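coords29.txt, holding compact mmCIF, C-alpha atoms:
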```txt
# COMPACT_ATOMS: atom_id res chain seq x y z
CA MET A 202 92.51 95.23 116.86
CA PRO A 203 92.43 98.98 117.68
CA ASP A 204 90.69 101.43 115.40
CA GLN A 205 92.83 103.03 112.71
CA LYS A 206 93.83 106.60 113.32
CA ARG A 207 92.43 108.96 110.71
CA ILE A 208 94.92 111.36 109.16
CA LEU A 209 93.69 114.20 106.97
CA VAL A 210 96.09 114.79 104.02
CA ALA A 211 95.48 118.15 102.35
CA PRO A 212 97.68 119.36 99.47
CA LEU A 213 97.46 122.82 97.92
CA ASN A 214 95.79 122.98 94.52
CA TRP A 215 98.56 124.89 92.72
CA GLY A 216 99.42 122.77 89.72
CA LEU A 217 99.83 119.06 90.43
CA GLY A 218 103.11 118.95 92.35
CA HIS A 219 101.75 119.28 95.87
CA ALA A 220 99.23 116.51 95.23
CA THR A 221 101.64 114.11 93.52
CA ARG A 222 104.30 114.34 96.21
CA CYS A 223 101.63 113.45 98.77
CA ILE A 224 101.09 110.11 97.01
CA PRO A 225 104.06 108.35 98.71
CA ILE A 226 102.96 109.90 102.04
CA ILE A 227 99.43 108.52 101.62
CA GLU A 228 100.80 105.09 100.64
CA ALA A 229 103.06 105.11 103.72
CA LEU A 230 100.14 106.01 105.97
CA LYS A 231 98.16 103.07 104.61
CA ASN A 232 101.13 100.73 105.02
CA ASN A 233 101.63 101.85 108.63
CA GLY A 234 98.06 101.16 109.70
CA PHE A 235 96.54 104.64 109.38
CA GLU A 236 93.39 105.64 107.53
CA PRO A 237 94.20 108.58 105.22
CA ILE A 238 91.42 110.98 104.27
CA ILE A 239 92.11 113.24 101.30
CA ALA A 240 91.09 116.91 101.28
CA SER A 241 91.77 119.45 98.53
CA ASP A 242 90.05 121.10 95.58
CA GLY A 243 90.22 121.34 91.79
CA VAL A 244 92.71 119.29 89.80
CA ALA A 245 94.71 118.32 92.91
CA LEU A 246 91.64 116.66 94.42
CA SER A 247 90.68 115.06 91.09
CA LEU A 248 94.15 113.56 90.68
CA LEU A 249 94.21 112.03 94.16
CA GLN A 250 90.67 110.70 93.75
CA LYS A 251 91.83 108.88 90.61
CA GLU A 252 94.92 107.55 92.39
CA PHE A 253 93.04 106.46 95.53
CA PRO A 254 89.43 105.74 94.52
CA SER A 255 88.76 103.72 97.68
CA LEU A 256 89.75 106.51 100.10
CA LYS A 257 87.39 109.07 101.57
CA SER A 258 87.89 112.45 99.91
CA LEU A 259 86.59 115.89 100.86
CA GLU A 260 86.47 119.18 98.98
CA LEU A 261 87.98 122.28 100.57
CA PRO A 262 87.39 125.94 99.62
CA SER A 263 89.44 126.92 96.57
CA TYR A 264 92.16 129.57 96.71
CA LYS A 265 91.34 130.18 93.02
CA ILE A 266 94.98 130.81 92.18
CA GLU A 267 95.64 132.08 88.67
CA TYR A 268 98.86 133.32 87.11
CA ALA A 269 99.23 136.64 85.35
CA GLN A 270 99.23 136.66 81.55
CA LYS A 271 102.70 138.27 81.66
CA GLY A 272 105.52 137.16 83.96
CA LYS A 273 106.42 140.72 84.97
CA ASN A 274 102.95 141.04 86.54
CA PHE A 275 103.24 137.83 88.60
CA LYS A 276 103.87 139.46 91.99
CA LEU A 277 101.33 142.21 91.37
CA LYS A 278 98.70 139.57 90.50
CA MET A 279 99.51 137.64 93.70
CA ILE A 280 99.16 140.82 95.78
CA TRP A 281 95.92 141.69 93.99
CA ASP A 282 94.53 138.22 94.68
CA SER A 283 95.68 138.11 98.33
CA PRO A 284 92.28 139.20 99.78
CA LYS A 285 90.68 136.34 97.85
CA VAL A 286 93.26 133.90 99.27
CA LEU A 287 92.79 135.19 102.82
CA LYS A 288 89.03 134.80 102.46
CA ALA A 289 89.49 131.21 101.25
CA MET A 290 91.82 130.50 104.19
CA ALA A 291 89.16 131.73 106.63
CA LYS A 292 86.60 129.41 105.03
CA GLU A 293 89.18 126.62 105.07
CA LYS A 294 89.81 127.00 108.82
CA LYS A 295 86.08 126.85 109.49
CA GLU A 296 85.71 123.76 107.29
CA ILE A 297 88.67 122.01 108.97
CA LYS A 298 87.09 122.58 112.38
CA ARG A 299 83.92 120.88 111.12
CA ILE A 300 85.85 118.01 109.44
CA VAL A 301 87.99 117.26 112.51
CA LYS A 302 84.86 116.90 114.62
CA LYS A 303 82.64 115.09 112.10
CA TYR A 304 85.22 112.53 110.94
CA SER A 305 87.08 112.08 114.24
CA ILE A 306 90.38 113.18 112.70
CA ASP A 307 93.48 112.21 114.73
CA GLY A 308 96.10 114.18 112.82
CA ILE A 309 96.61 116.55 109.89
CA ILE A 310 99.22 116.72 107.13
CA SER A 311 98.97 119.98 105.20
CA ASP A 312 101.06 120.43 102.08
CA ASN A 313 101.18 124.24 101.81
CA ARG A 314 97.51 124.74 102.67
CA LEU A 315 97.86 127.55 105.17
CA GLY A 316 94.41 127.25 106.73
CA VAL A 317 94.46 123.47 107.24
CA TYR A 318 95.29 123.49 110.92
CA SER A 319 93.59 122.54 114.18
CA LYS A 320 94.48 123.03 117.83
CA LYS A 321 92.63 119.80 118.60
CA VAL A 322 95.03 117.37 116.89
CA PRO A 323 98.74 117.10 115.94
CA CYS A 324 99.41 118.97 112.68
CA VAL A 325 102.32 118.69 110.24
CA PHE A 326 103.17 121.14 107.46
CA ILE A 327 104.99 120.00 104.29
CA THR A 328 106.96 122.58 102.32
CA HIS A 329 110.19 122.95 100.38
CA GLN A 330 110.03 126.73 100.78
CA LEU A 331 111.14 127.83 104.22
CA ASN A 332 112.23 130.96 102.40
CA VAL A 333 109.56 132.26 100.00
CA LEU A 334 111.25 134.19 97.21
CA SER A 335 109.44 137.34 96.08
CA GLY A 336 112.15 139.65 94.79
CA ASN A 337 112.83 142.66 97.03
CA THR A 338 110.12 141.53 99.45
CA THR A 339 111.63 138.06 100.08
CA TRP A 340 112.43 138.94 103.70
CA LEU A 341 108.78 139.78 104.36
CA SER A 342 107.19 136.84 102.49
CA SER A 343 109.61 134.44 104.18
CA LYS A 344 108.96 135.84 107.66
CA MET A 345 105.19 135.66 107.14
CA HIS A 346 105.39 132.08 105.85
CA GLN A 347 107.62 130.93 108.72
CA GLY A 348 105.16 132.53 111.15
CA ILE A 349 102.37 130.34 109.76
CA VAL A 350 104.54 127.19 109.77
CA LYS A 351 105.43 127.88 113.43
CA LYS A 352 101.83 127.04 114.46
CA PHE A 353 102.28 123.43 113.31
CA ASN A 354 103.80 120.69 115.46
CA ALA A 355 106.41 119.86 112.84
CA CYS A 356 107.56 120.92 109.39
CA TRP A 357 108.57 118.22 106.90
CA VAL A 358 110.91 119.34 104.12
CA PRO A 359 111.26 116.93 101.15
CA ASP A 360 115.00 117.46 100.70
CA THR A 361 118.29 116.58 102.39
CA ALA A 362 119.48 118.61 105.36
CA GLY A 363 123.08 119.07 104.23
CA LYS A 364 124.89 119.39 100.92
CA PRO A 365 124.35 118.45 98.17
CA ASN A 366 120.64 119.27 98.18
CA LEU A 367 117.95 120.21 95.65
CA THR A 368 116.32 123.29 97.15
CA GLY A 369 119.30 125.49 98.07
CA ARG A 370 118.22 128.57 100.04
CA LEU A 371 114.53 127.73 99.53
CA GLY A 372 114.56 124.80 101.93
CA HIS A 373 117.36 125.71 104.33
CA LEU A 374 117.58 128.30 107.11
CA LYS A 375 120.74 129.45 108.85
CA LYS A 376 118.92 129.72 112.17
CA SER A 377 115.45 128.52 113.04
CA LYS A 378 113.30 127.57 116.02
CA LEU A 379 111.01 125.53 113.77
CA ASP A 380 110.81 121.76 114.31
CA ILE A 381 112.16 120.85 110.86
CA LYS A 382 112.53 117.26 109.67
CA TYR A 383 114.21 116.61 106.32
CA LEU A 384 112.60 113.65 104.56
CA GLY A 385 114.89 113.46 101.56
CA PRO A 386 113.38 113.98 98.08
CA LEU A 387 109.93 112.40 97.62
CA SER A 388 108.79 110.72 94.41
CA ARG A 389 105.89 108.46 93.55
CA PHE A 390 108.01 106.79 90.81
CA GLN A 391 110.53 103.95 90.59
CA LYS A 392 113.40 103.80 88.12
CA LYS A 393 113.00 100.98 85.58
CA GLU A 394 115.15 99.86 82.68
CA LEU A 395 112.71 99.96 79.76
CA PRO A 396 113.26 100.13 75.98
CA LYS A 397 113.21 103.69 74.62
CA LYS A 398 109.80 104.56 73.19
CA TYR A 399 109.98 108.36 73.05
CA ASP A 400 112.83 110.68 72.14
CA LEU A 401 111.20 113.46 74.13
CA MET A 402 108.50 113.64 76.77
CA VAL A 403 106.77 116.98 77.43
CA LEU A 404 105.24 117.12 80.89
CA LEU A 405 103.14 120.16 81.78
CA SER A 406 101.21 121.31 84.83
CA GLY A 407 100.43 124.47 86.76
CA PRO A 408 97.60 127.01 86.96
CA GLU A 409 96.17 128.76 83.95
CA PRO A 410 96.69 130.72 81.83
CA GLN A 411 100.43 129.89 81.78
CA ARG A 412 99.97 126.13 81.38
CA GLY A 413 97.85 126.64 78.27
CA LEU A 414 100.13 129.34 76.85
CA LEU A 415 103.15 127.06 77.10
CA ALA A 416 101.28 124.09 75.62
CA LYS A 417 100.31 126.18 72.58
CA LYS A 418 103.87 127.47 72.10
CA LEU A 419 105.48 124.04 72.43
CA LEU A 420 103.09 122.31 70.02
CA LYS A 421 104.08 124.94 67.45
CA GLU A 422 107.82 124.68 68.15
CA LEU A 423 107.87 120.87 68.15
CA LYS A 424 106.71 120.72 64.53
CA ALA A 425 110.41 121.04 63.71
CA PHE A 426 111.47 118.24 66.10
CA SER A 427 112.87 114.99 64.68
CA GLY A 428 111.71 111.97 66.64
CA ASN A 429 108.80 110.60 68.64
CA VAL A 430 107.27 112.88 71.27
CA LEU A 431 104.86 112.18 74.12
CA PHE A 432 103.07 115.39 75.09
CA VAL A 433 101.20 115.29 78.43
CA LYS A 434 99.17 118.48 78.82
CA GLY A 435 98.54 118.10 82.54
CA LYS A 436 94.79 118.71 82.22
CA ILE A 437 92.96 116.49 84.71
CA GLU A 438 89.62 115.66 83.11
CA GLU A 439 86.98 113.00 83.64
CA GLN A 440 88.18 110.85 80.75
CA GLN A 441 91.68 110.34 79.44
CA THR A 442 92.10 111.34 75.80
CA SER A 443 94.87 110.77 73.27
CA GLU A 444 95.56 111.94 69.73
CA THR A 445 98.48 111.65 67.32
CA MET A 446 99.99 114.40 65.20
CA ALA A 447 102.44 113.64 62.40
CA LEU A 448 105.83 115.37 62.14
CA LYS A 449 108.21 115.41 59.18
CA ASN A 450 110.46 112.94 60.96
CA GLY A 451 108.35 111.40 63.69
CA GLN A 452 105.10 111.98 65.53
CA ILE A 453 103.60 113.59 68.64
CA THR A 454 101.24 111.64 70.87
CA ILE A 455 99.16 114.12 72.87
CA CYS A 456 97.43 113.12 76.14
CA ASN A 457 95.38 115.32 78.44
CA PHE A 458 96.72 113.54 81.57
CA MET A 459 98.22 110.29 82.84
CA GLN A 460 97.95 108.54 86.18
CA SER A 461 101.02 107.54 88.17
CA GLU A 462 101.52 104.05 86.72
CA GLN A 463 101.28 105.31 83.14
CA LEU A 464 103.54 108.28 83.84
CA GLU A 465 106.15 106.09 85.49
CA GLU A 466 106.32 103.83 82.43
CA ALA A 467 106.33 106.78 80.01
CA LEU A 468 109.10 108.64 81.83
CA ASN A 469 111.23 105.51 82.07
CA SER A 470 110.68 104.97 78.32
CA SER A 471 111.69 108.53 77.37
CA GLU A 472 115.20 109.72 76.57
CA LEU A 473 114.66 113.42 77.41
CA VAL A 474 112.10 115.44 79.37
CA LEU A 475 110.87 119.00 78.74
CA SER A 476 108.94 120.58 81.62
CA ARG A 477 108.47 123.38 84.10
CA SER A 478 111.10 123.59 86.85
CA GLY A 479 108.61 122.77 89.60
CA TYR A 480 110.19 121.17 92.62
CA THR A 481 108.17 117.95 92.49
CA THR A 482 109.24 117.44 88.87
CA ILE A 483 112.88 117.93 89.91
CA MET A 484 112.50 115.27 92.62
CA ASP A 485 110.98 112.87 90.09
CA LEU A 486 113.80 113.47 87.61
CA ALA A 487 116.36 112.83 90.33
CA LYS A 488 114.68 109.53 91.23
CA LEU A 489 114.53 108.42 87.58
CA GLU A 490 117.98 109.87 86.71
CA LYS A 491 116.63 111.60 83.61
CA LYS A 492 118.10 114.43 81.57
CA ALA A 493 115.78 117.36 81.06
CA PHE A 494 115.25 120.91 79.84
CA PHE A 495 113.33 123.44 81.95
CA ILE A 496 111.06 126.36 81.08
CA PRO A 497 110.18 128.06 84.40
CA THR A 498 106.78 129.68 84.76
CA PRO A 499 107.25 133.38 83.89
CA GLY A 500 107.52 135.54 87.00
CA GLN A 501 107.41 132.63 89.48
CA TYR A 502 110.47 133.32 91.59
CA GLU A 503 110.75 129.79 92.99
CA GLN A 504 110.85 128.07 89.59
CA GLU A 505 113.19 130.69 88.15
CA TYR A 506 115.55 130.27 91.10
CA LEU A 507 115.59 126.47 90.83
CA ALA A 508 116.12 126.56 87.05
CA LYS A 509 118.99 129.06 87.29
CA ARG A 510 120.60 127.17 90.19
CA LEU A 511 120.56 123.81 88.39
CA ASP A 512 121.77 125.39 85.14
CA LYS A 513 124.69 127.06 86.96
CA LYS A 514 125.63 123.70 88.48
CA GLY A 515 125.67 122.12 85.00
CA ILE A 516 122.78 119.76 85.83
CA PHE A 517 119.84 120.96 83.68
CA PRO A 518 119.66 123.75 81.06
CA TYR A 519 116.75 126.16 80.91
CA ALA A 520 115.27 128.94 78.79
CA LYS A 521 112.73 131.70 79.36
CA GLN A 522 109.30 130.85 77.96
CA GLU A 523 109.28 133.67 75.41
CA GLU A 524 112.80 132.78 74.19
CA PHE A 525 112.57 128.98 73.91
CA GLN A 526 113.20 127.39 70.52
CA VAL A 527 113.22 123.70 69.73
CA GLY A 528 116.94 123.83 68.89
CA ASP A 529 117.65 124.69 72.54
CA LEU A 530 117.05 121.03 73.38
CA ASN A 531 120.45 120.21 71.89
CA ARG A 532 122.03 121.87 74.92
CA ILE A 533 120.90 118.97 77.14
CA ARG A 534 123.84 116.82 76.01
CA ASP A 535 126.27 119.23 77.71
CA TYR A 536 124.60 118.86 81.13
CA SER A 537 124.99 116.02 83.62
CA GLY A 538 121.42 115.49 84.81
CA LEU A 539 120.76 114.37 88.40
CA ASN A 540 121.71 111.19 90.14
CA ASN A 541 119.23 109.64 92.54
CA VAL A 542 119.60 111.53 95.83
CA GLU A 543 116.76 109.71 97.55
CA LYS A 544 117.25 108.56 101.12
CA SER A 545 115.21 106.01 103.00
CA VAL A 546 112.37 107.68 104.90
CA ASP A 547 111.67 106.38 108.41
CA TYR A 548 107.91 106.77 108.26
CA THR A 549 107.39 104.90 111.53
CA SER A 550 109.38 107.58 113.34
CA LEU A 551 107.72 110.42 111.41
CA PHE A 552 104.21 109.19 112.14
CA GLU A 553 104.92 109.12 115.87
CA ALA A 554 103.80 112.76 115.74
CA PHE A 555 100.24 111.42 115.53
CA SER A 556 100.61 109.31 118.68
CA LYS A 557 100.60 112.45 120.80
CA VAL A 558 97.42 114.08 122.03
CA LYS A 559 97.55 117.87 122.02
CA GLU A 560 96.96 119.69 125.30
CA ASN A 561 93.77 121.39 124.10
CA SER A 562 92.38 118.31 122.39
CA GLU A 563 89.07 116.69 123.08
CA PRO A 564 89.60 112.91 122.81
CA THR A 565 87.58 111.24 120.09
CA SER A 566 86.73 107.59 119.68
CA THR A 567 90.09 106.95 118.03
CA SER A 568 92.41 109.67 119.32
CA LEU A 569 93.75 107.60 122.23
CA SER A 570 94.30 104.38 120.30
CA THR A 571 97.84 103.08 119.78
```

Represent the structure of the file as structure tokens.
Amino acid sequence: MPDQKRILVAPLNWGLGHATRCIPIIEALKNNGFEPIIASDGVALSLLQKEFPSLKSLELPSYKIEYAQKGKNFKLKMIWDSPKVLKAMAKEKKEIKRIVKKYSIDGIISDNRLGVYSKKVPCVFITHQLNVLSGNTTWLSSKMHQGIVKKFNACWVPDTAGKPNLTGRLGHLKKSKLDIKYLGPLSRFQKKELPKKYDLMVLLSGPEPQRGLLAKKLLKELKAFSGNVLFVKGKIEEQQTSETMALKNGQITICNFMQSEQLEEALNSSELVLSRSGYTTIMDLAKLEKKAFFIPTPGQYEQEYLAKRLDKKGIFPYAKQEEFQVGDLNRIRDYSGLNNVEKSVDYTSLFEAFSKVKENSEPTSTSLST
């Protein structure tokens, strides 16, 4: 039996979405006879290590992404931090060169990690943002991003190519020379018919300080909620913790984090969901056909765009973080929610990208195996 090809899977550590949507990709690699190796940093790496304890995992240099305290300063903070990100990317490129050689890597899947690329092996880039929204500089940020994606052998977009779709202008270009393959929405979850356990599930993630600011605000607001609430903070820590807080007409169960199996059961057992409008969350809600309310991260153009787009289409309501009140949740009943838009992914065809040997490659012990 030929040696398994080793595929490096490297999601960006920006919240948990990039890591969680790589879970079905990693499972598919295993099921198709590949050996996935995980590479990331921070909470993204911790989450995948908990999900796949038997897989080899490597730590990459951190981009050290933090949000501004105020949404209006979001872009300014990103510009201010750009030298730090560029420095991390340079370290990342150097580390990837070492990893490819040391671990005989046969292919790379980068989920928005801009420096995870090698000329020695086939490389794939995963993104739902072919256009990167940044206000009046969208044309520039999009052009720069597409220039980076162009270096990769293929770009996988977790959405549908035509209409209806989930990403709108984020994931669709009018004209492009990029090798784009639309996977359909990705989710690690399966829809199950379970008895209702929670009236509301709060699901948080994202970089600090905004994750913590929202958690604090919601715990205060939800004191006036009637019903049972599951509150998942999205803090990946060594041990899972849980505590219960009484309400006048119900209770809140607060967890620091949940792994996929627990989250799947909790989401299927919840009537409503309150969360950020991150794209991975939207894909999960579509798969589970759940109704939800969104609070986009202040100043993050992508989340604000997605929240406004879905609200306008009558699918999910949203509110600005500083304006949200618990009574806003009553608006959910007037919105349709999403139906499952998942399509079957032909992973065998997708993974053929790793059967090719790049022109500049130096064959390793496994790079020519079939």

Using all atoms listed in the file, which residue out of A:Trp340, A:Phe552, A:Tyr480, A:Tyr383 lies closest to A:Asp307?
A:Phe552

Excluding stretch 502-518 of chain A and its own-chain neighbours fewer than 4 positions away, which residues fall within 6 Å of it when counting all atoms listed in the file? Please give them as a ChimeraX atom specification.
/A:334,478-479,494,497,536-538

Could the residues in this selection be written to a file with C-alpha atoms, as a PDB file, in the coordinates of the input?
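The result, written out as again-v7.pdb:
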```
ATOM      1  CA  LEU A 334     111.250 134.190  97.210  1.00  0.00           C
ATOM      2  CA  SER A 478     111.100 123.590  86.850  1.00  0.00           C
ATOM      3  CA  GLY A 479     108.610 122.770  89.600  1.00  0.00           C
ATOM      4  CA  PHE A 494     115.250 120.910  79.840  1.00  0.00           C
ATOM      5  CA  PRO A 497     110.180 128.060  84.400  1.00  0.00           C
ATOM      6  CA  TYR A 536     124.600 118.860  81.130  1.00  0.00           C
ATOM      7  CA  SER A 537     124.990 116.020  83.620  1.00  0.00           C
ATOM      8  CA  GLY A 538     121.420 115.490  84.810  1.00  0.00           C
TER       9      GLY A 538
END
```

Just the residues within 8 Å of stretch 393-408 of chain A, please, counting all atoms listed in the file, with nothing from its chain fewer than 5 positions along; format it as a ChimeraX atom specification.
/A:215-217,266-268,416,428-436,466-477,489

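Minimum atom-to-atom distances from A:Ala229, A:Ala240, A:Val350, A:Val333 to A:Tyr548 were compared using all atoms listed in the file, and the lowest value belongs to A:Ala229.
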
Which distance in Å separates atom CA of A:Met459 and atom CA of A:Val210, to one decimal?
21.8 Å

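Interatomic distance, atom CA of A:Lys288 to atom CA of A:Glu260: 16.2 Å.
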
Please measure the separation of atom CA of A:Pro225 and atom CA of A:Leu387, giving the value in Å to one decimal.
7.2 Å

Neighbouring residues of A:Ser427 were defined as those with any atom within 8 Å, considering all atoms listed in the file; residues of the same chain fewer than 2 positions away were excluded. Please report them as a PyMOL selection string.
chain A and resi 425+429+448-451

Please, could you write that set of residues out with C-alpha atoms as a compact mmCIF listing (two decimals), keeping the file's coordinate frame?
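Generated file (part-v7.txt):
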```txt
# COMPACT_ATOMS: atom_id res chain seq x y z
CA ALA A 425 110.41 121.04 63.71
CA ASN A 429 108.80 110.60 68.64
CA LEU A 448 105.83 115.37 62.14
CA LYS A 449 108.21 115.41 59.18
CA ASN A 450 110.46 112.94 60.96
CA GLY A 451 108.35 111.40 63.69
```

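Distance annotation: of A:Ser461, A:Gln440, A:Ser263, A:Ser258, the residue with the minimal separation from A:Ile224 is A:Ser461; atom set is only C-alpha atoms.
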
Mind listing whatever residues come within 12 Å of the point (93.0, 109.3, 96.2)? Use only C-alpha atoms, file coordinates, and give them as a ChimeraX atom specification.
/A:209-212,220-221,223-228,231,236-241,244-259,460-461

Could you check which of A:Leu530, A:Ala554, A:Gln205, A:Met484 is closest to A:Ser388, using only C-alpha atoms?
A:Met484
